[in-house]
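Chemist: I'm passing along start-v2.tsv; it holds TSV, N, CA and C atoms.
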chain	number	residue	atom	x	y	z
P	1	MET	N	-10.78	-18.27	-14.62
P	1	MET	CA	-9.77	-17.28	-14.36
P	1	MET	C	-10.03	-16.49	-13.09
P	2	GLU	N	-11.30	-16.33	-12.72
P	2	GLU	CA	-11.61	-15.56	-11.51
P	2	GLU	C	-11.10	-16.25	-10.24
P	3	GLN	N	-10.85	-17.54	-10.31
P	3	GLN	CA	-10.41	-18.28	-9.13
P	3	GLN	C	-8.88	-18.27	-8.97
P	4	VAL	N	-8.17	-17.76	-9.97
P	4	VAL	CA	-6.72	-17.71	-9.90
P	4	VAL	C	-6.30	-16.50	-9.08
P	5	SER	N	-5.51	-16.75	-8.04
P	5	SER	CA	-5.05	-15.66	-7.18
P	5	SER	C	-3.58	-15.87	-6.81
P	6	PRO	N	-2.67	-15.17	-7.49
P	6	PRO	CA	-1.26	-15.29	-7.13
P	6	PRO	C	-0.99	-14.92	-5.67
P	7	LEU	N	-1.73	-13.94	-5.14
P	7	LEU	CA	-1.53	-13.56	-3.74
P	7	LEU	C	-1.86	-14.72	-2.80
P	8	GLN	N	-2.98	-15.39	-3.03
P	8	GLN	CA	-3.33	-16.53	-2.19
P	8	GLN	C	-2.31	-17.66	-2.34
P	9	ALA	N	-1.83	-17.85	-3.55
P	9	ALA	CA	-0.86	-18.92	-3.79
P	9	ALA	C	0.42	-18.69	-2.99
P	10	VAL	N	0.93	-17.46	-3.00
P	10	VAL	CA	2.19	-17.22	-2.28
P	10	VAL	C	1.98	-17.16	-0.77
P	11	GLU	N	0.81	-16.74	-0.34
P	11	GLU	CA	0.55	-16.69	1.10
P	11	GLU	C	0.60	-18.06	1.74
P	12	HIS	N	0.28	-19.09	0.98
P	12	HIS	CA	0.22	-20.45	1.51
P	12	HIS	C	1.41	-21.32	1.12
P	13	SER	N	2.35	-20.73	0.40
P	13	SER	CA	3.52	-21.50	-0.03
P	13	SER	C	4.68	-21.27	0.93
P	14	HIS	N	5.34	-22.35	1.29
P	14	HIS	CA	6.53	-22.26	2.13
P	14	HIS	C	7.77	-22.64	1.34
P	15	LEU	N	7.63	-22.75	0.01
P	15	LEU	CA	8.77	-23.02	-0.85
P	15	LEU	C	9.53	-21.72	-1.07
P	16	PRO	N	10.84	-21.78	-1.20
P	16	PRO	CA	11.61	-20.57	-1.49
P	16	PRO	C	11.20	-19.99	-2.84
P	17	VAL	N	11.03	-18.68	-2.89
P	17	VAL	CA	10.65	-18.00	-4.13
P	17	VAL	C	11.54	-16.78	-4.33
P	18	LEU	N	12.04	-16.64	-5.55
P	18	LEU	CA	12.79	-15.47	-5.94
P	18	LEU	C	11.93	-14.71	-6.96
P	19	PHE	N	11.51	-13.51	-6.58
P	19	PHE	CA	10.75	-12.65	-7.47
P	19	PHE	C	11.76	-11.76	-8.19
P	20	ILE	N	11.73	-11.78	-9.52
P	20	ILE	CA	12.62	-10.94	-10.32
P	20	ILE	C	11.75	-10.07	-11.22
P	21	HIS	N	12.03	-8.77	-11.19
P	21	HIS	CA	11.18	-7.86	-11.96
P	21	HIS	C	12.01	-6.68	-12.45
P	22	GLY	N	11.76	-6.26	-13.67
P	22	GLY	CA	12.41	-5.07	-14.22
P	22	GLY	C	11.64	-3.82	-13.83
P	23	THR	N	12.37	-2.77	-13.49
P	23	THR	CA	11.72	-1.53	-13.05
P	23	THR	C	11.06	-0.78	-14.20
P	24	LYS	N	11.38	-1.12	-15.43
P	24	LYS	CA	10.77	-0.47	-16.60
P	24	LYS	C	9.80	-1.39	-17.32
P	25	ASP	N	9.32	-2.42	-16.64
P	25	ASP	CA	8.35	-3.35	-17.22
P	25	ASP	C	7.07	-2.59	-17.55
P	26	ASN	N	6.68	-2.59	-18.83
P	26	ASN	CA	5.47	-1.89	-19.25
P	26	ASN	C	4.31	-2.86	-19.47
P	27	TYR	N	4.52	-4.11	-19.12
P	27	TYR	CA	3.49	-5.13	-19.27
P	27	TYR	C	2.89	-5.51	-17.91
P	28	VAL	N	3.74	-5.76	-16.94
P	28	VAL	CA	3.32	-6.08	-15.57
P	28	VAL	C	3.94	-5.04	-14.64
P	29	PRO	N	3.13	-4.31	-13.90
P	29	PRO	CA	3.69	-3.29	-13.00
P	29	PRO	C	4.62	-3.90	-11.94
P	30	THR	N	5.71	-3.22	-11.66
P	30	THR	CA	6.66	-3.68	-10.65
P	30	THR	C	5.98	-3.86	-9.30
P	31	SER	N	4.99	-3.04	-9.03
P	31	SER	CA	4.28	-3.11	-7.75
P	31	SER	C	3.64	-4.49	-7.53
P	32	MET	N	3.33	-5.19	-8.60
P	32	MET	CA	2.74	-6.53	-8.45
P	32	MET	C	3.74	-7.50	-7.83
P	33	SER	N	4.99	-7.45	-8.27
P	33	SER	CA	6.01	-8.32	-7.67
P	33	SER	C	6.29	-7.91	-6.24
P	34	GLU	N	6.29	-6.61	-5.98
P	34	GLU	CA	6.51	-6.13	-4.61
P	34	GLU	C	5.38	-6.60	-3.69
P	35	GLN	N	4.16	-6.58	-4.20
P	35	GLN	CA	3.01	-7.03	-3.40
P	35	GLN	C	3.09	-8.54	-3.16
P	36	LEU	N	3.45	-9.31	-4.17
P	36	LEU	CA	3.60	-10.75	-3.98
P	36	LEU	C	4.69	-11.04	-2.96
P	37	TYR	N	5.79	-10.31	-3.05
P	37	TYR	CA	6.90	-10.49	-2.11
P	37	TYR	C	6.43	-10.23	-0.67
P	38	GLU	N	5.67	-9.15	-0.47
P	38	GLU	CA	5.18	-8.81	0.86
P	38	GLU	C	4.23	-9.88	1.42
P	39	HIS	N	3.46	-10.52	0.57
P	39	HIS	CA	2.49	-11.52	1.02
P	39	HIS	C	3.07	-12.93	1.11
P	40	LYS	N	4.27	-13.13	0.60
P	40	LYS	CA	4.87	-14.46	0.55
P	40	LYS	C	5.25	-14.93	1.95
P	41	ALA	N	4.83	-16.14	2.28
P	41	ALA	CA	5.25	-16.79	3.52
P	41	ALA	C	6.54	-17.55	3.25
P	42	GLY	N	7.35	-17.71	4.26
P	42	GLY	CA	8.56	-18.52	4.11
P	42	GLY	C	9.68	-17.80	3.38
P	43	PRO	N	10.70	-18.56	2.98
P	43	PRO	CA	11.88	-17.98	2.35
P	43	PRO	C	11.52	-17.25	1.05
P	44	LYS	N	12.07	-16.05	0.91
P	44	LYS	CA	11.75	-15.25	-0.27
P	44	LYS	C	12.85	-14.24	-0.51
P	45	SER	N	12.89	-13.77	-1.75
P	45	SER	CA	13.81	-12.69	-2.11
P	45	SER	C	13.19	-11.93	-3.27
P	46	LEU	N	13.57	-10.67	-3.39
P	46	LEU	CA	13.07	-9.81	-4.45
P	46	LEU	C	14.25	-9.13	-5.12
P	47	LEU	N	14.37	-9.31	-6.41
P	47	LEU	CA	15.41	-8.65	-7.19
P	47	LEU	C	14.72	-7.73	-8.18
P	48	LEU	N	14.87	-6.43	-7.99
P	48	LEU	CA	14.36	-5.45	-8.93
P	48	LEU	C	15.54	-4.97	-9.77
P	49	VAL	N	15.44	-5.18	-11.08
P	49	VAL	CA	16.54	-4.83	-11.97
P	49	VAL	C	16.25	-3.48	-12.60
P	50	ASP	N	17.05	-2.51	-12.23
P	50	ASP	CA	16.87	-1.14	-12.69
P	50	ASP	C	17.01	-1.07	-14.21
P	51	GLY	N	15.97	-0.55	-14.87
P	51	GLY	CA	16.00	-0.35	-16.31
P	51	GLY	C	15.53	-1.52	-17.15
P	52	ALA	N	15.30	-2.67	-16.55
P	52	ALA	CA	14.87	-3.84	-17.32
P	52	ALA	C	13.38	-3.75	-17.64
P	53	VAL	N	13.03	-4.16	-18.86
P	53	VAL	CA	11.63	-4.27	-19.26
P	53	VAL	C	11.19	-5.71	-19.05
P	54	HIS	N	9.97	-6.01	-19.45
P	54	HIS	CA	9.40	-7.34	-19.22
P	54	HIS	C	10.25	-8.44	-19.86
P	55	GLY	N	10.71	-9.35	-19.04
P	55	GLY	CA	11.41	-10.53	-19.53
P	55	GLY	C	12.87	-10.33	-19.91
P	56	ASN	N	13.47	-9.18	-19.63
P	56	ASN	CA	14.88	-9.03	-19.99
P	56	ASN	C	15.78	-8.70	-18.81
P	57	ALA	N	15.38	-9.07	-17.61
P	57	ALA	CA	16.20	-8.79	-16.43
P	57	ALA	C	17.58	-9.44	-16.53
P	58	TYR	N	17.64	-10.65	-17.05
P	58	TYR	CA	18.93	-11.33	-17.18
P	58	TYR	C	19.83	-10.60	-18.16
P	59	ALA	N	19.27	-10.13	-19.27
P	59	ALA	CA	20.06	-9.43	-20.28
P	59	ALA	C	20.62	-8.12	-19.73
P	60	VAL	N	19.88	-7.47	-18.84
P	60	VAL	CA	20.31	-6.19	-18.28
P	60	VAL	C	21.30	-6.39	-17.14
P	61	ALA	N	21.10	-7.41	-16.32
P	61	ALA	CA	21.94	-7.61	-15.13
P	61	ALA	C	22.25	-9.09	-14.92
P	62	PRO	N	23.03	-9.70	-15.83
P	62	PRO	CA	23.26	-11.16	-15.71
P	62	PRO	C	23.98	-11.57	-14.43
P	63	LYS	N	24.92	-10.78	-13.95
P	63	LYS	CA	25.64	-11.15	-12.73
P	63	LYS	C	24.73	-11.12	-11.52
P	64	GLU	N	23.96	-10.05	-11.38
P	64	GLU	CA	23.05	-9.92	-10.24
P	64	GLU	C	21.97	-11.00	-10.29
P	65	TYR	N	21.45	-11.25	-11.47
P	65	TYR	CA	20.42	-12.28	-11.67
P	65	TYR	C	20.97	-13.65	-11.27
P	66	SER	N	22.13	-13.99	-11.81
P	66	SER	CA	22.73	-15.30	-11.51
P	66	SER	C	23.05	-15.46	-10.04
P	67	GLU	N	23.55	-14.40	-9.42
P	67	GLU	CA	23.89	-14.46	-8.00
P	67	GLU	C	22.63	-14.64	-7.15
P	68	ALA	N	21.55	-13.96	-7.49
P	68	ALA	CA	20.29	-14.10	-6.75
P	68	ALA	C	19.76	-15.53	-6.87
P	69	VAL	N	19.85	-16.11	-8.05
P	69	VAL	CA	19.40	-17.50	-8.24
P	69	VAL	C	20.29	-18.44	-7.45
P	70	ARG	N	21.60	-18.22	-7.50
P	70	ARG	CA	22.55	-19.07	-6.75
P	70	ARG	C	22.25	-19.02	-5.25
P	71	LEU	N	22.01	-17.82	-4.73
P	71	LEU	CA	21.70	-17.69	-3.31
P	71	LEU	C	20.41	-18.41	-2.95
P	72	LEU	N	19.41	-18.30	-3.80
P	72	LEU	CA	18.14	-18.98	-3.54
P	72	LEU	C	18.33	-20.50	-3.49
P	73	ILE	N	19.06	-21.02	-4.44
P	73	ILE	CA	19.31	-22.47	-4.48
P	73	ILE	C	20.09	-22.92	-3.25
P	74	HIS	N	21.11	-22.19	-2.90
P	74	HIS	CA	21.91	-22.56	-1.73
P	74	HIS	C	21.08	-22.48	-0.45
P	75	GLN	N	20.24	-21.45	-0.35
P	75	GLN	CA	19.38	-21.35	0.83
P	75	GLN	C	18.39	-22.51	0.88
P	76	ALA	N	17.82	-22.84	-0.26
P	76	ALA	CA	16.86	-23.95	-0.31
P	76	ALA	C	17.51	-25.26	0.09
P	77	LEU	N	18.77	-25.42	-0.25
P	77	LEU	CA	19.51	-26.63	0.10
P	77	LEU	C	20.21	-26.50	1.45
P	78	ARG	N	20.04	-25.34	2.07
P	78	ARG	CA	20.62	-25.03	3.37
P	78	ARG	C	22.15	-25.11	3.38
P	79	ILE	N	22.75	-24.55	2.33
P	79	ILE	CA	24.20	-24.48	2.21
P	79	ILE	C	24.63	-23.09	2.66
P	80	GLU	N	25.65	-23.02	3.51
P	80	GLU	CA	26.17	-21.73	3.95
P	80	GLU	C	26.80	-21.02	2.76
P	81	VAL	N	26.33	-19.79	2.48
P	81	VAL	CA	26.84	-19.04	1.34
P	81	VAL	C	26.75	-17.55	1.66
P	82	HIS	N	27.65	-16.79	1.07
P	82	HIS	CA	27.66	-15.34	1.26
P	82	HIS	C	27.57	-14.69	-0.11
P	83	PRO	N	26.80	-13.61	-0.23
P	83	PRO	CA	26.70	-12.92	-1.52
P	83	PRO	C	28.08	-12.43	-1.97
P	84	THR	N	28.32	-12.52	-3.28
P	84	THR	CA	29.61	-12.11	-3.78
P	84	THR	C	29.53	-10.96	-4.77
P	85	SER	N	28.63	-11.02	-5.73
P	85	SER	CA	28.68	-10.03	-6.79
P	85	SER	C	27.47	-9.11	-6.83
P	86	ILE	N	26.53	-9.24	-5.93
P	86	ILE	CA	25.39	-8.35	-5.97
P	86	ILE	C	25.46	-7.37	-4.82
P	87	THR	N	24.82	-6.23	-5.01
P	87	THR	CA	24.91	-5.19	-3.99
P	87	THR	C	23.72	-5.20	-3.05
P	88	SER	N	22.65	-5.94	-3.39
P	88	SER	CA	21.47	-5.92	-2.54
P	88	SER	C	20.66	-7.19	-2.74
P	89	ILE	N	20.30	-7.82	-1.65
P	89	ILE	CA	19.45	-9.02	-1.69
P	89	ILE	C	18.67	-9.04	-0.40
P	90	SER	N	17.47	-9.55	-0.44
P	90	SER	CA	16.65	-9.51	0.76
P	90	SER	C	17.22	-10.41	1.85
P	91	PRO	N	16.99	-10.07	3.11
P	91	PRO	CA	17.61	-10.78	4.23
P	91	PRO	C	17.12	-12.20	4.42
P	92	GLU	N	15.99	-12.56	3.86
P	92	GLU	CA	15.50	-13.93	4.02
P	92	GLU	C	16.47	-14.94	3.44
P	93	LEU	N	17.22	-14.54	2.39
P	93	LEU	CA	18.17	-15.46	1.78
P	93	LEU	C	19.53	-15.42	2.45
P	94	THR	N	19.92	-14.27	2.96
P	94	THR	CA	21.27	-14.15	3.49
P	94	THR	C	21.34	-14.35	4.99
P	95	GLY	N	20.19	-14.33	5.66
P	95	GLY	CA	20.18	-14.45	7.11
P	95	GLY	C	20.44	-13.13	7.80
P	96	ALA	N	20.50	-12.04	7.04
P	96	ALA	CA	20.74	-10.73	7.63
P	96	ALA	C	19.54	-10.29	8.45
P	97	THR	N	19.77	-9.36	9.34
P	97	THR	CA	18.68	-8.89	10.19
P	97	THR	C	18.03	-7.62	9.67
P	98	GLN	N	18.63	-6.97	8.67
P	98	GLN	CA	18.05	-5.75	8.13
P	98	GLN	C	17.60	-5.98	6.69
P	99	GLN	N	16.54	-5.27	6.28
P	99	GLN	CA	16.05	-5.35	4.91
P	99	GLN	C	17.05	-4.70	3.96
P	100	ALA	N	17.32	-5.35	2.87
P	100	ALA	CA	18.23	-4.78	1.88
P	100	ALA	C	17.56	-3.66	1.12
P	101	ALA	N	18.34	-2.74	0.64
P	101	ALA	CA	17.81	-1.62	-0.15
P	101	ALA	C	17.42	-2.10	-1.52
P	102	LEU	N	16.28	-1.66	-2.01
P	102	LEU	CA	15.82	-2.00	-3.34
P	102	LEU	C	15.45	-0.70	-4.04
P	103	PRO	N	15.53	-0.58	-5.33
P	103	PRO	CA	15.88	-1.60	-6.30
P	103	PRO	C	17.40	-1.76	-6.46
P	104	LEU	N	17.76	-2.87	-7.04
P	104	LEU	CA	19.15	-3.13	-7.36
P	104	LEU	C	19.54	-2.30	-8.56
P	105	SER	N	20.67	-1.71	-8.55
P	105	SER	CA	21.18	-0.99	-9.71
P	105	SER	C	22.11	-1.90	-10.46
P	106	THR	N	22.16	-1.74	-11.76
P	106	THR	CA	23.07	-2.56	-12.58
P	106	THR	C	24.36	-1.84	-12.82
Translate the structure described by the file into structure tokens.
Modeler:
Amino acid sequence: MEQVSPLQAVEHSHLPVLFIHGTKDNYVPTSMSEQLYEHKAGPKSLLLVDGAVHGNAYAVAPKEYSEAVRLLIHQALRIEVHPTSITSISPELTGATQQAALPLST
């Protein structure tokens, strides 16, 4: 277990990654997803779901969750797409030049 390092794993990965985390998670601190996002190389996005606890981000914000996944898939396949139902997504997926505001509100 001492050799497992999520930070090292994301630093060396160039695969698209969508980090999804609830802001009320009492099992894994939200800061851990934010730290992984900051260290991630290559395409990435971070969806913080306001009020969601561990593992229930989809139940709290199904539209935002689904849209973030759709954008990640389209970006990975290099399909031109524009966000439709979410209010904030990181620029790595949308091609925007400014960082999106986080956390996302439901």
Chemist: What does the distance from atom N of Ala68 of chain P to atom C of Pro43 of chain P come to in Å, to one decimal?
Modeler: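 Result for atom N of Ala68 of chain P versus atom C of Pro43 of chain P: 13.6 Å, one decimal.
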Chemist: So which residues touch Ser31 of chain P within 10 Å, counting only C-alpha atoms, skipping near sequence neighbours fewer than 6 positions away, as a VMD selection string?
Modeler: chain P and resid 21 23 37
Chemist: List as a list of chain:residue names: which residues have an atom within 12 Å of (10.0, -5.7, -19.8), counting only C-alpha atoms?
Modeler: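 Returned residue set, sorted by chain then number, is P:Ile20, P:His21, P:Gly22, P:Thr23, P:Lys24, P:Asp25, P:Asn26, P:Tyr27, P:Val28, P:Pro29, P:Thr30, P:Leu48, P:Val49, P:Asp50, P:Gly51, P:Ala52, P:Val53, P:His54, P:Gly55, P:Asn56, P:Ala57, P:Tyr58, P:Ala59, P:Val60.
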Chemist: One decimal, in Å: what's the spacing between atom CA of Arg70 of chain P and atom CA of Lys40 of chain P?
Modeler: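 According to the coordinates, atom CA of Arg70 of chain P and atom CA of Lys40 of chain P are separated by 19.7 Å.
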Chemist: One decimal, in Å: what's the spacing between atom CA of Ala76 of chain P and atom CA of Ala41 of chain P?
Modeler: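 For atom CA of Ala76 of chain P relative to atom CA of Ala41 of chain P, the distance reads 14.2 Å.
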